[in-house]
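Visitor: Here it is: the structure, laid out below.
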Amino acid sequence: MLILNCPSKLQLLEGLLRRSLPHTLPAYGAVMHINRGNPVQHEVVVDSWPEVKAVLTRPRQEVVKDNLDYYANLHAAFYWDIDACQALLENAEAIDWGRAFQLQGLQDGMYEATKSIAETKCVHLETYAYQTLMHPDPSTLHPSRFRSDVFHLGILSPSQATLLNEAWDFGGNDRSLRYLDSLIRCFPSACLVDKAGQLISWNLSDPMACLTHGYTLPQYRGQGCVRAVAQAIAGKLYSRGFPVYCGILAENQPSKQALVRMGFHILPETYYMLIVTPALNLQN
Ligand SMILES: CC(C)(COP(=O)(O)OP(=O)(O)OC[C@H]1O[C@@H](n2cnc3c(N)ncnc32)[C@H](O)[C@@H]1OP(=O)(O)O)[C@@H](O)C(=O)NCCC(=O)NCCS
């Protein structure tokens, strides 16, 4: 395996991944961010070069200091060859299985390989299988019907991370708060506030350029709020050349419906978000 540091090789890899979209989401989004300023200091590991058969993106070693912080220790994988992927995931220099981490990808083989390695290593694996939604042409997004006389469209500020953390089903702790704070600081976001400055609706994007954390306060739902923020953020990503996509739990009908009404397509691929936490005796 090798860490790909050379900018021209990273550009070449980006082109390779683009040719295999949408299967290469979210690794492609991560590589795009790495090639455009690398705001959260991620890096790319490949099995070999120039004949790449498997790709892994991950934070640089010095970035995540907390061994149990799977929010920040975010990895994405893509393979053209499942054996190369399995070998990369098993390689202790590619992934430290003694620390908590998250692994994302759209390929069933990646999930199965992770599951079998987790069993061998006796670590805990939590599997989230989302539906993948992608917009085929974000230039066609129409303006939302939200009331611009009542709400103001803007971007989130780090001081609002606490409110987002309270509203997040998978958050509510110090690590998730740190993670949300870094998303707000480093990646495109959008929000609606009312005249008094109260936050009404928001949407973020993450290190894989995936749309995430779409939310509207219950009393403001059904007024076109999330449509406005999702379209604002989609427009920002699209203007920078990013694909516009996200993962939604199959049972989350309101979110799915909102995205489908905006023109997103539901792809056949499952969006795996795998959370690995080390065995108790490895935690410190
Ligand atoms: C899903 C959610 C973000 C929608 O927010 P919202 O501001 O009410 O959505 P909007 O008013 O902008 O609606 C956008 C479109 O979705 C449709 N929609 C919204 N809620 C819907 C529902 N419950 N059922 C069916 N369709 C719905 C609307 O008809 C609208 O389409 P239109 O503009 O063509 O009429 C909101 O219900 C919410 O915050 N849910 C909890 C958090 C959540 O699940 N977030 C997603 C995490 S991935």
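The chains in the structure tokens are called A, B, ... from first to last as shown; in each chain the residues are counted from 1, and the ligands are counted from 1 in the order shown.
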Could the residues of chain A that have an atom at most 9 Å from ligand 1 be listed as JSON lines, each with its closest atom pair and the distance in Å to one decimal, counting only C-alpha atoms and all ligand atoms and ordered by chain and ascending residue number?
Guide:
```
{"residue": "A:Ser144", "atom": "CA", "partner": "ligand 1", "partner_atom_place_in_ligand_line": "33 (O)", "distance": 6.7}
{"residue": "A:Arg145", "atom": "CA", "partner": "ligand 1", "partner_atom_place_in_ligand_line": "33 (O)", "distance": 6.8}
{"residue": "A:Phe146", "atom": "CA", "partner": "ligand 1", "partner_atom_place_in_ligand_line": "12 (O)", "distance": 7.6}
{"residue": "A:Ala167", "atom": "CA", "partner": "ligand 1", "partner_atom_place_in_ligand_line": "42 (C)", "distance": 8.1}
{"residue": "A:Trp168", "atom": "CA", "partner": "ligand 1", "partner_atom_place_in_ligand_line": "42 (C)", "distance": 8.0}
{"residue": "A:Asp169", "atom": "CA", "partner": "ligand 1", "partner_atom_place_in_ligand_line": "42 (C)", "distance": 8.5}
{"residue": "A:Ile200", "atom": "CA", "partner": "ligand 1", "partner_atom_place_in_ligand_line": "7 (O)", "distance": 8.7}
{"residue": "A:Ser201", "atom": "CA", "partner": "ligand 1", "partner_atom_place_in_ligand_line": "7 (O)", "distance": 6.7}
{"residue": "A:Trp202", "atom": "CA", "partner": "ligand 1", "partner_atom_place_in_ligand_line": "3 (C)", "distance": 8.3}
{"residue": "A:Asn203", "atom": "CA", "partner": "ligand 1", "partner_atom_place_in_ligand_line": "3 (C)", "distance": 8.6}
{"residue": "A:Leu211", "atom": "CA", "partner": "ligand 1", "partner_atom_place_in_ligand_line": "48 (S)", "distance": 8.4}
{"residue": "A:Thr212", "atom": "CA", "partner": "ligand 1", "partner_atom_place_in_ligand_line": "48 (S)", "distance": 5.9}
{"residue": "A:His213", "atom": "CA", "partner": "ligand 1", "partner_atom_place_in_ligand_line": "47 (C)", "distance": 5.2}
{"residue": "A:Gly214", "atom": "CA", "partner": "ligand 1", "partner_atom_place_in_ligand_line": "45 (N)", "distance": 4.7}
{"residue": "A:Tyr215", "atom": "CA", "partner": "ligand 1", "partner_atom_place_in_ligand_line": "39 (O)", "distance": 3.5}
{"residue": "A:Thr216", "atom": "CA", "partner": "ligand 1", "partner_atom_place_in_ligand_line": "39 (O)", "distance": 3.9}
{"residue": "A:Leu217", "atom": "CA", "partner": "ligand 1", "partner_atom_place_in_ligand_line": "39 (O)", "distance": 6.1}
{"residue": "A:Pro218", "atom": "CA", "partner": "ligand 1", "partner_atom_place_in_ligand_line": "39 (O)", "distance": 6.6}
{"residue": "A:Gln219", "atom": "CA", "partner": "ligand 1", "partner_atom_place_in_ligand_line": "8 (O)", "distance": 8.9}
{"residue": "A:Tyr220", "atom": "CA", "partner": "ligand 1", "partner_atom_place_in_ligand_line": "7 (O)", "distance": 6.5}
{"residue": "A:Arg221", "atom": "CA", "partner": "ligand 1", "partner_atom_place_in_ligand_line": "8 (O)", "distance": 3.2}
{"residue": "A:Gly222", "atom": "CA", "partner": "ligand 1", "partner_atom_place_in_ligand_line": "11 (O)", "distance": 3.3}
{"residue": "A:Gln223", "atom": "CA", "partner": "ligand 1", "partner_atom_place_in_ligand_line": "11 (O)", "distance": 4.1}
{"residue": "A:Gly224", "atom": "CA", "partner": "ligand 1", "partner_atom_place_in_ligand_line": "12 (O)", "distance": 3.1}
{"residue": "A:Cys225", "atom": "CA", "partner": "ligand 1", "partner_atom_place_in_ligand_line": "7 (O)", "distance": 3.9}
{"residue": "A:Val226", "atom": "CA", "partner": "ligand 1", "partner_atom_place_in_ligand_line": "12 (O)", "distance": 3.8}
{"residue": "A:Arg227", "atom": "CA", "partner": "ligand 1", "partner_atom_place_in_ligand_line": "12 (O)", "distance": 3.8}
{"residue": "A:Ala228", "atom": "CA", "partner": "ligand 1", "partner_atom_place_in_ligand_line": "12 (O)", "distance": 6.4}
{"residue": "A:Val229", "atom": "CA", "partner": "ligand 1", "partner_atom_place_in_ligand_line": "12 (O)", "distance": 8.2}
{"residue": "A:Ala230", "atom": "CA", "partner": "ligand 1", "partner_atom_place_in_ligand_line": "12 (O)", "distance": 8.4}
{"residue": "A:Cys246", "atom": "CA", "partner": "ligand 1", "partner_atom_place_in_ligand_line": "48 (S)", "distance": 8.0}
{"residue": "A:Gly247", "atom": "CA", "partner": "ligand 1", "partner_atom_place_in_ligand_line": "48 (S)", "distance": 6.9}
{"residue": "A:Ile248", "atom": "CA", "partner": "ligand 1", "partner_atom_place_in_ligand_line": "48 (S)", "distance": 5.3}
{"residue": "A:Leu249", "atom": "CA", "partner": "ligand 1", "partner_atom_place_in_ligand_line": "48 (S)", "distance": 7.2}
{"residue": "A:Asn252", "atom": "CA", "partner": "ligand 1", "partner_atom_place_in_ligand_line": "44 (O)", "distance": 6.2}
{"residue": "A:Gln253", "atom": "CA", "partner": "ligand 1", "partner_atom_place_in_ligand_line": "24 (N)", "distance": 6.4}
{"residue": "A:Pro254", "atom": "CA", "partner": "ligand 1", "partner_atom_place_in_ligand_line": "22 (C)", "distance": 3.8}
{"residue": "A:Ser255", "atom": "CA", "partner": "ligand 1", "partner_atom_place_in_ligand_line": "1 (C)", "distance": 3.8}
{"residue": "A:Lys256", "atom": "CA", "partner": "ligand 1", "partner_atom_place_in_ligand_line": "1 (C)", "distance": 7.5}
{"residue": "A:Gln257", "atom": "CA", "partner": "ligand 1", "partner_atom_place_in_ligand_line": "26 (N)", "distance": 4.9}
{"residue": "A:Ala258", "atom": "CA", "partner": "ligand 1", "partner_atom_place_in_ligand_line": "16 (O)", "distance": 2.9}
{"residue": "A:Leu259", "atom": "CA", "partner": "ligand 1", "partner_atom_place_in_ligand_line": "16 (O)", "distance": 6.6}
{"residue": "A:Val260", "atom": "CA", "partner": "ligand 1", "partner_atom_place_in_ligand_line": "16 (O)", "distance": 7.7}
{"residue": "A:Arg261", "atom": "CA", "partner": "ligand 1", "partner_atom_place_in_ligand_line": "34 (O)", "distance": 5.0}
{"residue": "A:Met262", "atom": "CA", "partner": "ligand 1", "partner_atom_place_in_ligand_line": "34 (O)", "distance": 6.8}
```
Visitor: With C-alpha atoms kept, could you save the residues just selected as a PDB file, in the first residue's frame?
Guide:
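The result, stored in selection-v6.pdb:
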```
ATOM      1  CA  SER A 144     -38.016  27.160  -3.157  1.00  0.00           C
ATOM      2  CA  ARG A 145     -41.409  28.607  -2.214  1.00  0.00           C
ATOM      3  CA  PHE A 146     -40.141  29.568   1.305  1.00  0.00           C
ATOM      4  CA  ALA A 167     -31.454  18.045  17.280  1.00  0.00           C
ATOM      5  CA  TRP A 168     -29.227  15.249  15.913  1.00  0.00           C
ATOM      6  CA  ASP A 169     -30.461  11.711  16.683  1.00  0.00           C
ATOM      7  CA  ILE A 200     -35.389  27.498  11.603  1.00  0.00           C
ATOM      8  CA  SER A 201     -33.888  25.050   9.133  1.00  0.00           C
ATOM      9  CA  TRP A 202     -30.406  23.899   8.109  1.00  0.00           C
ATOM     10  CA  ASN A 203     -28.362  21.590   5.942  1.00  0.00           C
ATOM     11  CA  LEU A 211     -25.407  16.465   1.932  1.00  0.00           C
ATOM     12  CA  THR A 212     -26.207  15.778   5.551  1.00  0.00           C
ATOM     13  CA  HIS A 213     -28.097  17.012   8.628  1.00  0.00           C
ATOM     14  CA  GLY A 214     -31.145  18.343   6.807  1.00  0.00           C
ATOM     15  CA  TYR A 215     -33.496  19.596   9.510  1.00  0.00           C
ATOM     16  CA  THR A 216     -36.448  21.969  10.017  1.00  0.00           C
ATOM     17  CA  LEU A 217     -37.856  22.836  13.455  1.00  0.00           C
ATOM     18  CA  PRO A 218     -41.173  20.911  13.772  1.00  0.00           C
ATOM     19  CA  GLN A 219     -43.366  24.039  13.877  1.00  0.00           C
ATOM     20  CA  TYR A 220     -41.967  25.275  10.521  1.00  0.00           C
ATOM     21  CA  ARG A 221     -42.245  22.061   8.516  1.00  0.00           C
ATOM     22  CA  GLY A 222     -44.113  21.954   5.209  1.00  0.00           C
ATOM     23  CA  GLN A 223     -43.237  25.547   4.267  1.00  0.00           C
ATOM     24  CA  GLY A 224     -40.437  24.848   1.816  1.00  0.00           C
ATOM     25  CA  CYS A 225     -37.672  25.480   4.372  1.00  0.00           C
ATOM     26  CA  VAL A 226     -35.478  22.430   3.879  1.00  0.00           C
ATOM     27  CA  ARG A 227     -35.956  22.713   0.163  1.00  0.00           C
ATOM     28  CA  ALA A 228     -34.475  26.213   0.323  1.00  0.00           C
ATOM     29  CA  VAL A 229     -31.424  25.219   2.357  1.00  0.00           C
ATOM     30  CA  ALA A 230     -30.814  21.952   0.476  1.00  0.00           C
ATOM     31  CA  CYS A 246     -26.813  12.010   0.143  1.00  0.00           C
ATOM     32  CA  GLY A 247     -27.802   8.896   2.089  1.00  0.00           C
ATOM     33  CA  ILE A 248     -31.270   8.536   3.646  1.00  0.00           C
ATOM     34  CA  LEU A 249     -32.702   5.787   5.840  1.00  0.00           C
ATOM     35  CA  ASN A 252     -37.387   8.303   6.564  1.00  0.00           C
ATOM     36  CA  GLN A 253     -40.221   9.063   4.143  1.00  0.00           C
ATOM     37  CA  PRO A 254     -40.401  12.865   4.756  1.00  0.00           C
ATOM     38  CA  SER A 255     -36.716  13.360   3.898  1.00  0.00           C
ATOM     39  CA  LYS A 256     -36.859  11.002   0.950  1.00  0.00           C
ATOM     40  CA  GLN A 257     -39.991  12.677  -0.336  1.00  0.00           C
ATOM     41  CA  ALA A 258     -38.441  16.139   0.062  1.00  0.00           C
ATOM     42  CA  LEU A 259     -35.383  15.097  -1.956  1.00  0.00           C
ATOM     43  CA  VAL A 260     -37.357  13.273  -4.650  1.00  0.00           C
ATOM     44  CA  ARG A 261     -39.567  16.379  -5.059  1.00  0.00           C
ATOM     45  CA  MET A 262     -36.349  18.332  -5.672  1.00  0.00           C
TER      46      MET A 262
END
```
Visitor: Find the distance between CA of Leu133 (chain A) and CA of Leu74 (chain A) and write it in Å to one decimal.
Guide: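 Separation between CA of Leu133 (chain A) and CA of Leu74 (chain A): 20.3 Å.
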Visitor: Take CA of Leu56 (chain A) and CA of Pro278 (chain A) and report the distance between them in Å, one decimal.
Guide: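 Rounded to one decimal, the two atoms are 19.6 Å apart.
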Visitor: Hey, can you check how far CA of Cys210 (chain A) sits from CA of Pro243 (chain A)?
Guide: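 Separation between CA of Cys210 (chain A) and CA of Pro243 (chain A): 8.5 Å.
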Visitor: Measuring between only C-alpha atoms, which one of A:Leu106, A:Ala209, A:Leu89, A:Leu2 shows the shortest distance to Thr24 (chain A)?
Guide: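 Of A:Leu106, A:Ala209, A:Leu89, A:Leu2, the one nearest Thr24 (chain A), counting only C-alpha atoms, is A:Leu106.
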Visitor: Using DSSP assignments from the backbone, pull out every residue in region 109-250 of chain A that falls under strand (DSSP E) and give it to me as a PyMOL selection string.
Guide: chain A and resi 124-134+151-154+189-194+199-205+211-216+245-248
Visitor: Can you pull out the residues contacting Trp80 (chain A)? Cut-off 9 Å, using only C-alpha atoms, and skip same-chain residues under 5 positions away; I want them as a JSON list (two decimals) with all heavy atoms, in the first residue's frame.
Guide:
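Final output, part_34.json:
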```json
[["chain", "number", "residue", "atom", "x", "y", "z"],
["A", 52, "VAL", "N", -4.24, 1.06, -9.82],
["A", 52, "VAL", "CA", -4.99, 1.14, -8.56],
["A", 52, "VAL", "C", -6.15, 0.15, -8.58],
["A", 52, "VAL", "O", -6.96, 0.15, -9.51],
["A", 52, "VAL", "CB", -5.57, 2.56, -8.35],
["A", 52, "VAL", "CG1", -6.18, 2.67, -6.96],
["A", 52, "VAL", "CG2", -4.51, 3.61, -8.54],
["A", 53, "LYS", "N", -6.24, -0.65, -7.53],
["A", 53, "LYS", "CA", -7.36, -1.59, -7.44],
["A", 53, "LYS", "C", -8.26, -1.30, -6.23],
["A", 53, "LYS", "O", -9.38, -1.78, -6.15],
["A", 53, "LYS", "CB", -6.84, -3.03, -7.40],
["A", 53, "LYS", "CG", -6.09, -3.43, -8.69],
["A", 53, "LYS", "CD", -5.77, -4.89, -8.76],
["A", 53, "LYS", "CE", -4.55, -5.32, -8.01],
["A", 53, "LYS", "NZ", -3.27, -4.71, -8.35],
["A", 54, "ALA", "N", -7.72, -0.53, -5.30],
["A", 54, "ALA", "CA", -8.51, -0.16, -4.12],
["A", 54, "ALA", "C", -8.04, 1.18, -3.57],
["A", 54, "ALA", "O", -6.84, 1.49, -3.60],
["A", 54, "ALA", "CB", -8.40, -1.23, -3.04],
["A", 55, "VAL", "N", -8.99, 1.97, -3.09],
["A", 55, "VAL", "CA", -8.71, 3.33, -2.60],
["A", 55, "VAL", "C", -9.34, 3.48, -1.22],
["A", 55, "VAL", "O", -10.48, 3.05, -0.99],
["A", 55, "VAL", "CB", -9.37, 4.40, -3.52],
["A", 55, "VAL", "CG1", -9.07, 5.81, -3.04],
["A", 55, "VAL", "CG2", -8.95, 4.20, -4.97],
["A", 85, "CYS", "N", -9.18, -4.71, -1.97],
["A", 85, "CYS", "CA", -9.88, -3.94, -0.94],
["A", 85, "CYS", "C", -9.76, -4.63, 0.42],
["A", 85, "CYS", "O", -9.41, -4.02, 1.43],
["A", 85, "CYS", "CB", -11.34, -3.75, -1.33],
["A", 85, "CYS", "SG", -12.31, -2.85, -0.12]]
```
Visitor: As a PyMOL selection string, please: all residues of region 191-281 of chain A that backbone DSSP puts in helix (DSSP H, G or I).
Guide: chain A and resi 218-220+225-239+253-261+280-281
Visitor: Quick one: residues within 12 Å of Glu166 (chain A), only C-alpha atoms, excluding same-chain residues fewer than 5 positions away - as a PyMOL selection string?
Guide: chain A and resi 160-161+171-174+176-177+180+213+215+217
